[in-house]
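Participant: Questions regarding the structure given below will be posed in turn.
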Amino acid sequence: MYEIVAFYLFSALTIGLFSVTVMSSNLLYAMTSLAAGMVLISGFFFLLGADFLGAVQLIVYVGAVMALYSFAMMFFDATRDIKEKNTNDALVFLLGGMSALMLVLMFSAPIFSENVQALYPMTEGVGNAQDVGMVLFTKYLIPFEVAALMLLVAMISGIILAGKKMDSSLTEDMDADDEIMIVKDEK
Amino acid sequence: MIGLSHYLIVSAIIFSIGLVGVLRRRNLLMLFFATEVMLNAVNIAFAAISHYYNDLTGQMFAFFIVAIAASEVAVGLGLLIILFKKYGSLDLDDLANMKG
């Protein structure tokens, strides 16, 4: 009973929040609703017994990714509404819905053909985090190391891409700064 | 009782919301938000299949998807900042400079 109530509550709230993310023309509203939706998705993971994945979702998505987005929002003008020239909305909804349905059918076909066998079954009497650790550091050790390397590359490229010319302002025009400098020089 | 198909249906709905966002957004930062929505929908499906088939592989793939999403955001935001410095806007229609 508790699980049913939680599932329907979480799913209704996530769908509503993500629709706000996709439809809103305000950057701040879109980002806050995205963060709230990600918190609720970690609730799904806790419902499904994937405790460690839920904690990782909270730390990485809500903690790191959303903090990065909110830092990036300081560079762009966040208070102004975004004007977008929208093409045919009904066509977009039809195309998006149809192609998403097709993708889901394609990828869920092997599940319904009953051909799925558990490669790494969960061990009884062991917590989820310990179980994940045992599989991750034995069977998935090389992908884990490759992911670590990829994160290092992403960190270096992020620093190099965003770090150039950080002393100059992005949003204010440069002429205003120059005028201030000139006024200071005259004094 | 909540079955696997319930979770898959919710995941499909969230995925189609993200896909509609990718198709209709013209602002690059909003496009990034829509891709995050799609990645999260796939994570829900992986965790649900992992739970109902009693298999840890789904959770492993969800971990790697989280790692890929984090590095995608780091590189993508750096590129967005460079684009904004160069053009002063993040609108895809303004950035299109090849007229065909």
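Each chain of the structure tokens is named A, B, ... in the order shown, its residues numbered from 1; ligands are numbered from 1 in display order.
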Which residues of chain B have any atom within 8 Å of an atom in chain A when counting only C-alpha atoms, and what is the closest pair of atoms for each, with the distance in Å to one decimal? Order the rows by chain and rising number and write it as a Markdown table.

Facilitator:
```
| residue | atom | partner | partner_atom | distance |
| --- | --- | --- | --- | --- |
| B:Met1 | CA | A:Ile4 | CA | 6.8 |
| B:Ile2 | CA | A:Ile4 | CA | 6.4 |
| B:Val10 | CA | A:Ser11 | CA | 6.5 |
| B:Ala12 | CA | A:Val104 | CA | 6.4 |
| B:Ile13 | CA | A:Ile15 | CA | 7.6 |
| B:Ile14 | CA | A:Ile15 | CA | 6.2 |
| B:Phe15 | CA | A:Ala100 | CA | 6.7 |
| B:Ser16 | CA | A:Ala100 | CA | 5.1 |
| B:Ile17 | CA | A:Ser19 | CA | 6.5 |
| B:Gly18 | CA | A:Val22 | CA | 7.1 |
| B:Leu19 | CA | A:Gly96 | CA | 5.5 |
| B:Val20 | CA | A:Gly96 | CA | 4.8 |
| B:Gly21 | CA | A:Val22 | CA | 5.1 |
| B:Leu23 | CA | A:Val92 | CA | 6.4 |
| B:Arg24 | CA | A:Val92 | CA | 6.5 |
| B:Arg25 | CA | A:Glu84 | CA | 7.3 |
| B:Arg26 | CA | A:Glu84 | CA | 5.9 |
| B:Asn27 | CA | A:Glu84 | CA | 7.2 |
| B:Met30 | CA | A:Val22 | CA | 7.5 |
| B:Phe33 | CA | A:Thr21 | CA | 7.3 |
| B:Ala34 | CA | A:Val22 | CA | 6.4 |
| B:Val37 | CA | A:Phe18 | CA | 7.0 |
| B:Asn40 | CA | A:Ile41 | CA | 7.5 |
| B:Ile44 | CA | A:Phe44 | CA | 7.2 |
| B:Ala47 | CA | A:Phe45 | CA | 6.6 |
| B:Ala48 | CA | A:Leu48 | CA | 6.4 |
| B:His51 | CA | A:Leu48 | CA | 6.0 |
| B:Tyr53 | CA | A:Ala118 | CA | 6.6 |
| B:Asn54 | CA | A:Pro121 | CA | 5.7 |
| B:Asp55 | CA | A:Pro121 | CA | 4.5 |
| B:Leu56 | CA | A:Tyr120 | CA | 5.7 |
| B:Thr57 | CA | A:Tyr120 | CA | 6.5 |
| B:Gln59 | CA | A:Leu53 | CA | 7.0 |
| B:Met60 | CA | A:Leu136 | CA | 7.1 |
| B:Ala62 | CA | A:Leu53 | CA | 7.7 |
| B:Phe63 | CA | A:Leu53 | CA | 7.0 |
| B:Phe64 | CA | A:Ala147 | CA | 7.1 |
| B:Val66 | CA | A:Val60 | CA | 7.4 |
| B:Ala67 | CA | A:Ala147 | CA | 6.8 |
| B:Ile68 | CA | A:Ala147 | CA | 7.6 |
| B:Ala70 | CA | A:Val65 | CA | 6.2 |
| B:Ser71 | CA | A:Ala154 | CA | 5.1 |
| B:Glu72 | CA | A:Ala154 | CA | 7.5 |
| B:Val73 | CA | A:Val65 | CA | 6.9 |
| B:Ala74 | CA | A:Gly158 | CA | 5.4 |
| B:Val75 | CA | A:Gly158 | CA | 5.1 |
| B:Leu77 | CA | A:Ala72 | CA | 6.9 |
| B:Gly78 | CA | A:Ala162 | CA | 4.7 |
| B:Leu79 | CA | A:Leu161 | CA | 6.4 |
| B:Ile81 | CA | A:Ala162 | CA | 6.3 |
| B:Ile82 | CA | A:Ala162 | CA | 6.9 |
| B:Phe84 | CA | A:Leu170 | CA | 7.8 |
| B:Lys85 | CA | A:Leu170 | CA | 6.3 |
| B:Asp91 | CA | A:Glu84 | CA | 7.8 |
```

Participant: Step one, run DSSP on the backbone; step two, keep only residues of chain B assigned to helix (DSSP H, G or I); then write them as an MDAnalysis selection string.

Facilitator: chainID B and resid 4:24 28:52 57:87 92:95

Participant: Do you have the atom CA of Val42 of chain B-atom CA of Ile9 of chain B distance handy?

Facilitator: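 These atoms are spaced 11.4 Å apart.
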
Participant: In Å, rounded to a single decimal, give me how far atom CA of Ala35 of chain A is from atom CA of Phe107 of chain A.

Facilitator: 27.2 Å

Participant: Report, in Å with one decimal, the straight-line distance from atom CA of Asp51 of chain A to atom CA of Tyr7 of chain B.

Facilitator: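 The value is 16.9 Å.
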